[in-house]
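Trainee: Input file: model13.tsv. Contents: TSV, C-alpha atoms and all ligand atoms.
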chain	number	residue	atom	x	y	z
W	9	MET	CA	69.29	53.50	-42.99
W	10	PHE	CA	71.58	56.49	-43.53
W	11	GLU	CA	68.59	58.84	-43.56
W	12	LYS	CA	67.54	57.62	-40.10
W	13	LEU	CA	71.05	58.13	-38.73
W	14	LYS	CA	71.23	61.55	-40.35
W	15	ALA	CA	67.90	62.54	-38.80
W	16	SER	CA	69.07	61.26	-35.39
W	17	LEU	CA	72.24	63.29	-35.54
W	18	SER	CA	70.52	66.40	-36.83
W	19	LYS	CA	70.83	68.34	-33.55
W	20	THR	CA	74.56	67.71	-33.44
W	21	SER	CA	75.03	68.40	-37.12
W	22	SER	CA	73.04	71.64	-36.89
W	23	LEU	CA	75.28	72.82	-34.06
W	24	LEU	CA	78.31	71.97	-36.17
W	25	ARG	CA	76.90	73.77	-39.19
W	26	GLU	CA	76.04	76.93	-37.25
W	27	GLY	CA	79.45	76.87	-35.58
W	28	MET	CA	81.25	76.42	-38.86
W	29	ASP	CA	79.25	79.20	-40.47
W	30	ARG	CA	80.41	81.46	-37.63
W	31	VAL	CA	84.02	80.32	-37.87
W	32	PHE	CA	84.15	80.98	-41.61
W	33	SER	CA	81.96	84.07	-41.76
W	34	GLY	CA	85.07	86.10	-42.61
W	35	GLY	CA	85.76	83.95	-45.65
W	36	ALA	CA	89.45	83.11	-45.24
W	37	ILE	CA	90.75	80.20	-43.15
W	38	GLY	CA	93.13	81.65	-40.56
W	39	ALA	CA	94.78	80.71	-37.25
W	40	ASP	CA	91.70	81.83	-35.30
W	41	SER	CA	89.52	79.57	-37.41
W	42	PHE	CA	91.36	76.51	-36.10
W	43	GLU	CA	91.02	77.56	-32.47
W	44	GLU	CA	87.32	78.14	-32.90
W	45	LEU	CA	86.98	74.86	-34.73
W	46	GLU	CA	88.60	73.03	-31.81
W	47	ALA	CA	86.19	74.68	-29.36
W	48	LEU	CA	83.27	73.71	-31.60
W	49	LEU	CA	84.33	70.06	-31.70
W	50	ILE	CA	84.67	70.04	-27.91
W	51	GLN	CA	81.18	71.54	-27.66
W	52	VAL	CA	79.67	68.52	-29.44
W	53	ASP	CA	81.61	66.23	-27.07
W	54	VAL	CA	84.33	64.96	-29.36
W	55	GLY	CA	86.65	65.30	-26.34
W	56	VAL	CA	89.75	67.41	-25.86
W	57	LYS	CA	92.22	64.82	-27.14
W	58	ALA	CA	90.38	64.00	-30.34
W	59	ALA	CA	89.49	67.67	-31.01
W	60	SER	CA	93.12	68.72	-30.88
W	61	GLU	CA	94.19	65.74	-32.99
W	62	ILE	CA	91.55	66.51	-35.63
W	63	VAL	CA	92.48	70.18	-35.78
W	64	GLU	CA	96.23	69.46	-36.00
W	65	ASP	CA	95.66	67.01	-38.83
W	66	VAL	CA	93.31	69.33	-40.69
W	67	ARG	CA	95.58	72.35	-40.22
W	68	GLU	CA	98.45	70.43	-41.80
W	69	ARG	CA	96.34	69.27	-44.74
W	70	VAL	CA	94.95	72.77	-45.31
W	71	ARG	CA	98.54	74.04	-45.54
W	72	ARG	CA	99.78	71.19	-47.72
W	73	GLU	CA	96.78	71.03	-50.04
W	74	ARG	CA	96.26	74.82	-50.10
W	75	VAL	CA	92.61	74.43	-49.09
W	76	GLN	CA	90.72	77.72	-49.19
W	77	ASP	CA	87.03	77.11	-48.88
W	78	SER	CA	85.03	75.90	-45.91
W	79	GLY	CA	83.44	73.10	-47.93
W	80	GLN	CA	86.82	71.50	-48.57
W	81	LEU	CA	87.65	71.94	-44.91
W	82	THR	CA	84.45	70.14	-43.88
W	83	ARG	CA	85.50	67.22	-46.06
W	84	LEU	CA	88.91	67.07	-44.35
W	85	ILE	CA	87.35	67.10	-40.88
W	86	MET	CA	84.85	64.43	-41.88
W	87	GLU	CA	87.63	62.21	-43.22
W	88	LYS	CA	89.65	62.58	-40.03
W	89	VAL	CA	86.63	61.79	-37.84
W	90	ALA	CA	85.94	58.68	-39.90
W	91	ALA	CA	89.61	57.68	-39.63
W	92	ILE	CA	89.54	57.94	-35.82
W	93	LEU	CA	86.33	55.91	-35.66
W	94	GLU	CA	87.89	53.32	-38.01
W	95	THR	CA	90.85	52.74	-35.68
W	96	THR	CA	88.71	50.84	-33.18
W	97	SER	CA	85.98	49.60	-35.53
W	98	LYS	CA	85.12	45.89	-35.23
W	99	PRO	CA	81.99	43.97	-36.22
W	100	LEU	CA	79.68	42.36	-33.69
W	101	GLN	CA	80.93	38.84	-32.97
W	102	VAL	CA	78.65	35.93	-33.78
W	103	SER	CA	79.58	32.44	-32.62
W	104	GLY	CA	79.80	29.67	-35.20
W	105	LEU	CA	78.55	27.35	-32.50
W	106	PRO	CA	75.24	28.59	-31.00
W	107	PRO	CA	74.35	30.09	-28.67
W	108	THR	CA	76.03	33.44	-29.23
W	109	VAL	CA	75.99	35.24	-25.88
W	110	TYR	CA	75.82	39.02	-25.44
W	111	VAL	CA	76.01	40.56	-21.97
W	112	LEU	CA	74.72	44.13	-21.69
W	113	VAL	CA	76.22	46.36	-19.00
W	114	GLY	CA	75.85	50.05	-18.15
W	115	VAL	CA	74.24	52.46	-15.71
W	116	ASN	CA	70.52	52.44	-15.02
W	117	GLY	CA	68.56	54.26	-17.65
W	118	SER	CA	71.25	54.01	-20.33
W	119	GLY	CA	69.02	51.76	-22.45
W	120	LYS	CA	70.17	48.20	-21.66
W	121	THR	CA	66.76	46.55	-21.51
W	122	THR	CA	65.53	48.33	-24.62
W	123	THR	CA	68.72	47.36	-26.45
W	124	ALA	CA	68.32	43.74	-25.33
W	125	ALA	CA	64.84	43.72	-26.85
W	126	LYS	CA	66.01	45.41	-30.06
W	127	LEU	CA	68.84	42.90	-30.48
W	128	ALA	CA	66.58	39.91	-29.84
W	129	HIS	CA	64.04	41.37	-32.28
W	130	ARG	CA	66.74	41.66	-34.94
W	131	TRP	CA	67.67	38.00	-34.54
W	132	VAL	CA	64.05	36.84	-34.53
W	133	THR	CA	63.15	38.83	-37.65
W	134	GLN	CA	66.15	37.20	-39.35
W	135	GLY	CA	64.66	33.79	-38.60
W	136	ARG	CA	66.93	32.99	-35.68
W	137	THR	CA	65.95	32.20	-32.10
W	138	ALA	CA	66.74	34.06	-28.90
W	139	ILE	CA	66.31	33.84	-25.14
W	140	ALA	CA	66.82	36.57	-22.52
W	141	ALA	CA	68.22	36.46	-18.99
W	142	ALA	CA	66.96	38.91	-16.36
W	143	CYS	CA	70.17	39.34	-14.36
W	144	ASP	CA	69.14	42.72	-12.95
W	145	THR	CA	67.52	41.12	-9.94
W	146	PHE	CA	67.84	44.25	-7.83
W	147	ARG	CA	64.60	45.82	-8.99
W	148	ALA	CA	61.38	43.92	-9.63
W	149	ALA	CA	60.53	46.58	-12.22
W	150	ALA	CA	63.63	45.67	-14.23
W	151	ILE	CA	62.57	42.02	-14.41
W	152	ASP	CA	59.01	43.02	-15.38
W	153	GLN	CA	60.27	45.38	-18.04
W	154	LEU	CA	62.48	42.76	-19.68
W	155	GLU	CA	59.59	40.31	-19.54
W	156	ALA	CA	57.22	42.80	-21.18
W	157	TRP	CA	59.72	43.46	-23.99
W	158	SER	CA	60.40	39.72	-24.41
W	159	ASN	CA	56.67	39.08	-24.79
W	160	ARG	CA	56.51	41.71	-27.50
W	161	VAL	CA	59.46	40.16	-29.32
W	162	GLY	CA	58.08	36.67	-28.74
W	163	ILE	CA	60.99	35.16	-26.83
W	164	GLU	CA	61.34	33.37	-23.51
W	165	VAL	CA	62.93	35.13	-20.55
W	166	VAL	CA	64.74	33.32	-17.73
W	167	LYS	CA	64.08	35.07	-14.42
W	168	HIS	CA	64.26	34.52	-10.69
W	169	GLN	CA	62.70	36.49	-7.88
W	170	GLU	CA	63.73	40.04	-7.03
W	171	GLY	CA	66.83	40.02	-4.83
W	172	SER	CA	68.11	36.63	-5.99
W	173	ASP	CA	71.70	35.98	-7.14
W	174	PRO	CA	72.21	37.29	-10.72
W	175	ALA	CA	74.84	34.60	-11.33
W	176	ALA	CA	72.24	31.92	-10.58
W	177	VAL	CA	69.97	33.46	-13.23
W	178	ALA	CA	72.91	33.48	-15.66
W	179	PHE	CA	73.57	29.79	-14.89
W	180	ASP	CA	69.95	28.80	-15.54
W	181	ALA	CA	69.76	30.94	-18.67
W	182	ALA	CA	72.97	29.43	-20.10
W	183	HIS	CA	71.56	25.94	-19.55
W	184	ALA	CA	68.17	26.87	-21.01
W	185	ALA	CA	69.81	28.43	-24.09
W	186	VAL	CA	71.83	25.27	-24.75
W	187	ALA	CA	69.04	22.81	-23.89
W	188	ARG	CA	66.54	24.58	-26.16
W	189	GLY	CA	69.08	25.15	-28.93
W	190	ARG	CA	68.66	28.94	-29.02
W	191	ASP	CA	70.87	30.96	-31.37
W	192	LEU	CA	71.23	33.96	-29.06
W	193	LEU	CA	71.34	34.44	-25.31
W	194	ILE	CA	71.01	38.06	-24.31
W	195	VAL	CA	71.86	38.95	-20.72
W	196	ASP	CA	70.48	42.10	-19.08
W	197	THR	CA	72.40	43.20	-15.95
W	198	ALA	CA	72.08	45.73	-13.13
W	199	GLY	CA	73.67	49.17	-13.28
W	200	ARG	CA	73.76	50.67	-9.82
W	201	LEU	CA	76.94	52.70	-9.75
W	202	HIS	CA	76.60	53.73	-6.12
W	203	THR	CA	77.37	50.19	-5.00
W	204	LYS	CA	80.34	50.10	-7.28
W	205	LYS	CA	82.29	47.33	-5.57
W	206	ASN	CA	79.33	44.95	-5.31
W	207	LEU	CA	78.34	45.72	-8.85
W	208	MET	CA	81.79	44.82	-10.11
W	209	GLU	CA	81.85	41.55	-8.17
W	210	GLU	CA	78.35	40.72	-9.36
W	211	LEU	CA	79.18	41.39	-13.00
W	212	LYS	CA	82.41	39.42	-12.81
W	213	LYS	CA	80.53	36.48	-11.35
W	214	VAL	CA	77.82	36.60	-14.04
W	215	ILE	CA	80.48	36.62	-16.76
W	216	ARG	CA	82.49	33.85	-15.06
W	217	VAL	CA	79.44	31.60	-14.85
W	218	ILE	CA	78.56	32.16	-18.51
W	219	ALA	CA	82.17	31.49	-19.58
W	220	ARG	CA	82.20	28.26	-17.60
W	221	GLU	CA	78.88	26.99	-18.92
W	222	ILE	CA	79.27	27.97	-22.58
W	223	PRO	CA	82.81	27.70	-24.01
W	224	GLY	CA	83.90	30.87	-25.79
W	225	ALA	CA	81.09	32.94	-24.23
W	226	PRO	CA	80.31	35.72	-23.69
W	227	HIS	CA	81.01	36.68	-27.30
W	228	GLU	CA	80.40	40.34	-26.55
W	229	VAL	CA	80.21	42.36	-23.35
W	230	LEU	CA	78.45	45.46	-24.62
W	231	LEU	CA	78.61	48.66	-22.65
W	232	VAL	CA	75.46	50.66	-23.22
W	233	ILE	CA	76.15	54.41	-23.11
W	234	ASP	CA	73.44	57.07	-23.18
W	235	GLY	CA	74.44	59.36	-26.05
W	236	THR	CA	73.01	62.40	-24.29
W	237	THR	CA	75.24	62.17	-21.20
W	238	GLY	CA	78.36	63.58	-22.83
W	239	GLN	CA	81.74	63.26	-21.14
W	240	ASN	CA	80.14	61.88	-17.97
W	241	GLY	CA	79.43	58.75	-19.99
W	242	LEU	CA	83.18	58.22	-20.34
W	243	VAL	CA	83.72	58.29	-16.57
W	244	GLN	CA	81.01	55.67	-16.11
W	245	ALA	CA	82.45	53.65	-18.96
W	246	ARG	CA	85.81	53.29	-17.23
W	247	VAL	CA	84.13	51.75	-14.16
W	248	PHE	CA	82.48	49.09	-16.31
W	249	MET	CA	85.61	48.49	-18.37
W	250	GLU	CA	87.46	47.61	-15.16
W	251	ALA	CA	84.72	45.30	-13.98
W	252	ALA	CA	83.48	43.55	-17.04
W	253	GLY	CA	86.08	43.34	-19.82
W	254	VAL	CA	83.91	45.36	-22.18
W	255	THR	CA	84.33	44.40	-25.87
W	256	GLY	CA	82.24	47.13	-27.46
W	257	VAL	CA	79.79	49.97	-27.02
W	258	VAL	CA	76.14	50.48	-27.89
W	259	LEU	CA	75.54	54.22	-28.11
W	260	THR	CA	71.86	54.91	-27.41
W	261	LYS	CA	69.50	57.88	-27.64
W	262	LEU	CA	71.39	59.48	-30.49
W	263	ASP	CA	68.03	60.76	-31.65
W	264	GLY	CA	67.63	64.02	-29.83
W	265	SER	CA	71.24	64.23	-28.66
W	266	ALA	CA	73.28	67.33	-29.43
W	267	ARG	CA	76.36	65.44	-28.26
W	268	GLY	CA	76.83	62.92	-31.04
W	269	GLY	CA	80.54	63.69	-31.09
W	270	ILE	CA	80.85	61.43	-28.05
W	271	ALA	CA	81.36	58.52	-30.47
W	272	VAL	CA	84.72	60.03	-31.40
W	273	ALA	CA	85.71	60.40	-27.72
W	274	ILE	CA	84.73	56.78	-27.07
W	275	ALA	CA	87.04	55.60	-29.85
W	276	ARG	CA	89.94	57.90	-29.04
W	277	GLU	CA	89.83	58.03	-25.22
W	278	LEU	CA	88.48	54.60	-24.35
W	279	GLY	CA	89.83	52.76	-27.38
W	280	LEU	CA	86.56	50.84	-27.64
W	281	PRO	CA	84.74	49.93	-30.84
W	282	ILE	CA	81.18	51.21	-31.15
W	283	LYS	CA	79.18	48.29	-32.46
W	284	LEU	CA	75.59	49.55	-32.52
W	285	VAL	CA	73.68	52.79	-32.22
W	286	GLY	CA	70.21	53.38	-30.80
W	287	VAL	CA	68.19	55.88	-32.82
W	288	GLY	CA	64.79	55.67	-31.15
W	289	GLU	CA	62.57	53.76	-28.76
W	290	GLY	CA	61.13	51.29	-31.26
W	291	LEU	CA	62.26	47.70	-31.81
W	292	ASP	CA	63.73	48.55	-35.21
W	293	ASP	CA	65.68	51.54	-33.95
W	294	LEU	CA	69.03	49.79	-33.57
W	295	LYS	CA	71.61	50.23	-36.31
W	296	ASP	CA	75.04	48.80	-37.02
W	297	PHE	CA	77.76	51.37	-36.52
W	298	VAL	CA	79.54	52.28	-39.75
W	299	PRO	CA	82.34	54.84	-39.16
W	300	GLY	CA	82.10	56.54	-42.57
W	301	ASP	CA	78.31	56.85	-42.40
W	302	PHE	CA	78.48	58.21	-38.88
W	303	ALA	CA	81.03	60.86	-39.86
W	304	ARG	CA	78.92	61.87	-42.88
W	305	ALA	CA	75.78	62.10	-40.74
W	306	LEU	CA	77.61	64.25	-38.18
W	307	PHE	CA	78.48	66.76	-40.88
W	308	ALA	CA	75.31	66.30	-42.89
W	309	SER	CA	74.26	69.92	-42.40
W	310	ALA	CA	77.68	71.42	-42.95
W	311	PRO	CA	78.76	72.94	-46.27
W	312	LEU	CA	80.56	70.72	-48.74
W	313	PRO	CA	82.69	71.62	-51.75
W	314	GLY	CA	80.70	73.48	-54.37
W	315	GLY	CA	78.00	74.45	-51.86
W	316	SER	CA	76.42	70.98	-51.86
W	317	SER	CA	75.57	69.07	-48.68
W	318	VAL	CA	75.62	65.42	-47.66
W	319	THR	CA	72.64	63.47	-48.94
W	320	SER	CA	73.17	59.73	-49.04
W	401	LIG	P1	68.16	50.45	-18.60
W	401	LIG	O1	67.82	50.94	-17.24
W	401	LIG	O2	69.62	50.63	-18.91
W	401	LIG	O3	67.68	49.05	-18.88
W	401	LIG	O4	67.42	51.43	-19.63
W	401	LIG	P2	66.04	51.21	-20.43
W	401	LIG	O5	66.23	50.22	-21.51
W	401	LIG	O6	64.96	50.98	-19.45
W	401	LIG	O7	65.88	52.63	-21.13
W	401	LIG	C1	65.67	53.83	-20.41
W	401	LIG	C2	64.83	54.77	-21.27
W	401	LIG	O8	65.55	55.13	-22.43
W	401	LIG	C3	63.54	54.15	-21.78
W	401	LIG	O9	62.51	55.10	-21.66
W	401	LIG	C4	63.81	53.83	-23.24
W	401	LIG	O10	62.66	53.89	-24.04
W	401	LIG	C5	64.79	54.93	-23.60
W	401	LIG	N1	65.68	54.56	-24.71
W	401	LIG	C6	66.52	53.51	-24.82
W	401	LIG	N2	67.20	53.54	-25.99
W	401	LIG	C7	66.78	54.64	-26.66
W	401	LIG	C8	67.11	55.25	-27.94
W	401	LIG	O11	67.95	54.79	-28.72
W	401	LIG	N3	66.45	56.42	-28.23
W	401	LIG	C9	65.53	56.98	-27.39
W	401	LIG	N4	64.95	58.13	-27.76
W	401	LIG	N5	65.22	56.45	-26.20
W	401	LIG	C10	65.82	55.29	-25.84
Just give me the structure as structure tokens.
Ligand code: GDP
Mentor:
Amino acid sequence: MFEKLKASLSKTSSLLREGMDRVFSGGAIGADSFEELEALLIQVDVGVKAASEIVEDVRERVRRERVQDSGQLTRLIMEKVAAILETTSKPLQVSGLPPTVYVLVGVNGSGKTTTAAKLAHRWVTQGRTAIAAACDTFRAAAIDQLEAWSNRVGIEVVKHQEGSDPAAVAFDAAHAAVARGRDLLIVDTAGRLHTKKNLMEELKKVIRVIAREIPGAPHEVLLVIDGTTGQNGLVQARVFMEAAGVTGVVLTKLDGSARGGIAVAIARELGLPIKLVGVGEGLDDLKDFVPGDFARALFASAPLPGGSSVTS
């Protein structure tokens, strides 16, 4: 599992390694090194706030612990990154009384439908049952896509016609999930940011209906963020946080992203836990988010004490 994450983050970790090689080409760790380090962290989308916090912390430890080699410094940065990610870390909630309900929100193309399928697949392969709700009624293609994925996973999808009320789909899906005794109800929603006000009202209504029909639900409102969009993803995130009471983030498309540091910005600037990461287009390419593993994978290419590098 770690190897897959490491491979996914290889673009980001290569950038970090090259940058750190440049920063420490002179050998000694000096004041300039820290400035360059901060710029490097910002380059991989850690965000200004977190980058300065990391560098301040590391600078202090370098002084206190008399650190002299770049390998030791990598370890300090890695520990601080993991610590920031830990501050918001929280496991995915599962209801003791089925169905567990997850609502997926996020802009079009972020990976909601694919994530819905991956999550349902995970439950099904663990011997549990699932049902999906096609609440993105704005585009016929979105309904078709969820249906195609659901067929592959082998689960039922509750859908209405294109243009119908998403809250009505949510209502029917909640009833179907309870009536058929499904363990998981996964709700796919629309993500048209240009009709921001309508989108917010629509999402609120979907969530209200689910909360009314299934006590304690939704158990998670998961914001799906495309891991290649960088800081722009944070701007979008705030819109959805206002509308939908987001409880966690699924960070997708980490494979191929050179901006894996965005996970740190999500924790520090949005204060949200990352719950899952998408590392490919296949059904099995969804992993639990483990802060320490993520930090190690980010710095997997960087030098470690004694010239070794991160393996597993
Ligand atoms: P939605 O509009 O938010 O429902 O987004 P989709 O689920 O349709 O995904 C948009 C595109 O992103 C599709 O081509 C997916 O195959 C792709 N995608 C989703 N998640 C991942 C991922 O983790 N890695 C990669 N490489 N592609 C992904």
Trainee: Work out how far apart CA of Val115 in chain W and atom O2 of ligand LIG 401 (chain W) are and give it in Å to one decimal.
Mentor: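 Separating CA of Val115 in chain W from atom O2 of ligand LIG 401 (chain W) is a distance of 5.9 Å.
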Trainee: For a cut-off of 9 Å around (80.2, 40.5, -15.1), file coordinates, pick out all residues using only C-alpha atoms and list them as a ChimeraX atom specification.
Mentor: /W:111,113,175,197,207-217,229,248,251-253
Trainee: Quick check, in Å to one decimal: how far apart do CA of Arg304 in chain W and CA of Leu81 in chain W lie?
Mentor: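 Interatomic distance, CA of Arg304 in chain W to CA of Leu81 in chain W: 13.5 Å.
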Trainee: Would you please work out which residue, of W:Leu45, W:Ile151, W:Ala156, W:Ala90, is nearest to Leu306 in chain W when using only C-alpha atoms?
Mentor: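 Closest to Leu306 in chain W of all the choices is W:Ala90.
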Trainee: Residues within 7 Å of Ala303 in chain W, please, as a ChimeraX atom specification. Count all atoms listed in the file; anything in the same chain fewer than 3 positions from it doesn't count.
Mentor: /W:86,89-90,299-300,306-307
Trainee: CA of Ala141 in chain W and CA of Val165 in chain W are how many Å apart?
Mentor: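 That distance, rounded to one decimal, is 5.7 Å.
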Trainee: Using all atoms listed in the file, can you tell me which of W:Ser265, W:Thr255, W:Asn206, W:Gln244 comes closest to Ile282 in chain W?
Mentor: W:Thr255
Trainee: Fix up range 55-65 of chain W with all heavy atoms, then write it as an mmCIF file, in the coordinates of the input.
Mentor:
data_model
loop_
_atom_site.group_PDB
_atom_site.id
_atom_site.type_symbol
_atom_site.label_atom_id
_atom_site.label_comp_id
_atom_site.auth_asym_id
_atom_site.auth_seq_id
_atom_site.Cartn_x
_atom_site.Cartn_y
_atom_site.Cartn_z
ATOM 1 N N GLY W 55 85.588 65.493 -27.346
ATOM 2 C CA GLY W 55 86.650 65.300 -26.340
ATOM 3 C C GLY W 55 87.872 66.107 -26.704
ATOM 4 O O GLY W 55 88.144 66.362 -27.876
ATOM 5 N N VAL W 56 88.614 66.505 -25.663
ATOM 6 C CA VAL W 56 89.750 67.410 -25.860
ATOM 7 C C VAL W 56 90.840 66.771 -26.722
ATOM 8 O O VAL W 56 91.358 67.379 -27.656
ATOM 9 C CB VAL W 56 90.317 67.839 -24.479
ATOM 10 C CG1 VAL W 56 91.595 68.658 -24.638
ATOM 11 C CG2 VAL W 56 89.268 68.627 -23.701
ATOM 12 N N LYS W 57 91.145 65.528 -26.415
ATOM 13 C CA LYS W 57 92.220 64.820 -27.140
ATOM 14 C C LYS W 57 91.922 64.726 -28.631
ATOM 15 O O LYS W 57 92.737 65.095 -29.467
ATOM 16 C CB LYS W 57 92.317 63.386 -26.590
ATOM 17 C CG LYS W 57 93.553 63.123 -25.776
ATOM 18 C CD LYS W 57 93.671 61.616 -25.582
ATOM 19 C CE LYS W 57 94.185 61.308 -24.187
ATOM 20 N NZ LYS W 57 94.049 59.915 -23.825
ATOM 21 N N ALA W 58 90.739 64.211 -28.928
ATOM 22 C CA ALA W 58 90.380 64.000 -30.340
ATOM 23 C C ALA W 58 90.238 65.341 -31.059
ATOM 24 O O ALA W 58 90.656 65.473 -32.210
ATOM 25 C CB ALA W 58 89.101 63.196 -30.444
ATOM 26 N N ALA W 59 89.686 66.356 -30.367
ATOM 27 C CA ALA W 59 89.490 67.670 -31.010
ATOM 28 C C ALA W 59 90.837 68.239 -31.422
ATOM 29 O O ALA W 59 90.991 68.733 -32.546
ATOM 30 C CB ALA W 59 88.763 68.616 -30.055
ATOM 31 N N SER W 60 91.830 68.141 -30.528
ATOM 32 C CA SER W 60 93.120 68.720 -30.880
ATOM 33 C C SER W 60 93.791 67.896 -31.978
ATOM 34 O O SER W 60 94.428 68.444 -32.881
ATOM 35 C CB SER W 60 93.977 68.905 -29.615
ATOM 36 O OG SER W 60 95.009 67.993 -29.572
ATOM 37 N N GLU W 61 93.617 66.588 -31.943
ATOM 38 C CA GLU W 61 94.190 65.740 -32.990
ATOM 39 C C GLU W 61 93.565 66.050 -34.368
ATOM 40 O O GLU W 61 94.265 66.152 -35.374
ATOM 41 C CB GLU W 61 93.956 64.271 -32.620
ATOM 42 C CG GLU W 61 94.622 63.300 -33.568
ATOM 43 C CD GLU W 61 94.318 61.850 -33.199
ATOM 44 O OE1 GLU W 61 94.110 61.558 -32.010
ATOM 45 O OE2 GLU W 61 94.277 61.023 -34.129
ATOM 46 N N ILE W 62 92.247 66.212 -34.362
ATOM 47 C CA ILE W 62 91.550 66.510 -35.630
ATOM 48 C C ILE W 62 92.047 67.841 -36.196
ATOM 49 O O ILE W 62 92.394 67.951 -37.369
ATOM 50 C CB ILE W 62 90.015 66.551 -35.411
ATOM 51 C CG1 ILE W 62 89.488 65.161 -35.064
ATOM 52 C CG2 ILE W 62 89.299 67.103 -36.647
ATOM 53 C CD1 ILE W 62 88.072 65.152 -34.490
ATOM 54 N N VAL W 63 92.110 68.850 -35.307
ATOM 55 C CA VAL W 63 92.480 70.180 -35.780
ATOM 56 C C VAL W 63 93.938 70.204 -36.278
ATOM 57 O O VAL W 63 94.234 70.791 -37.324
ATOM 58 C CB VAL W 63 92.229 71.240 -34.673
ATOM 59 C CG1 VAL W 63 92.879 72.562 -35.021
ATOM 60 C CG2 VAL W 63 90.728 71.427 -34.482
ATOM 61 N N GLU W 64 94.831 69.525 -35.552
ATOM 62 C CA GLU W 64 96.230 69.460 -36.000
ATOM 63 C C GLU W 64 96.330 68.842 -37.396
ATOM 64 O O GLU W 64 97.020 69.344 -38.279
ATOM 65 C CB GLU W 64 97.075 68.619 -35.023
ATOM 66 C CG GLU W 64 97.504 69.374 -33.770
ATOM 67 C CD GLU W 64 97.983 70.776 -34.087
ATOM 68 O OE1 GLU W 64 98.891 70.917 -34.936
ATOM 69 O OE2 GLU W 64 97.423 71.750 -33.530
ATOM 70 N N ASP W 65 95.634 67.737 -37.557
ATOM 71 C CA ASP W 65 95.660 67.010 -38.830
ATOM 72 C C ASP W 65 95.110 67.888 -39.967
ATOM 73 O O ASP W 65 95.688 67.976 -41.038
ATOM 74 C CB ASP W 65 94.822 65.735 -38.661
ATOM 75 C CG ASP W 65 94.846 64.853 -39.877
ATOM 76 O OD1 ASP W 65 95.794 64.064 -40.001
ATOM 77 O OD2 ASP W 65 93.926 64.976 -40.717
#
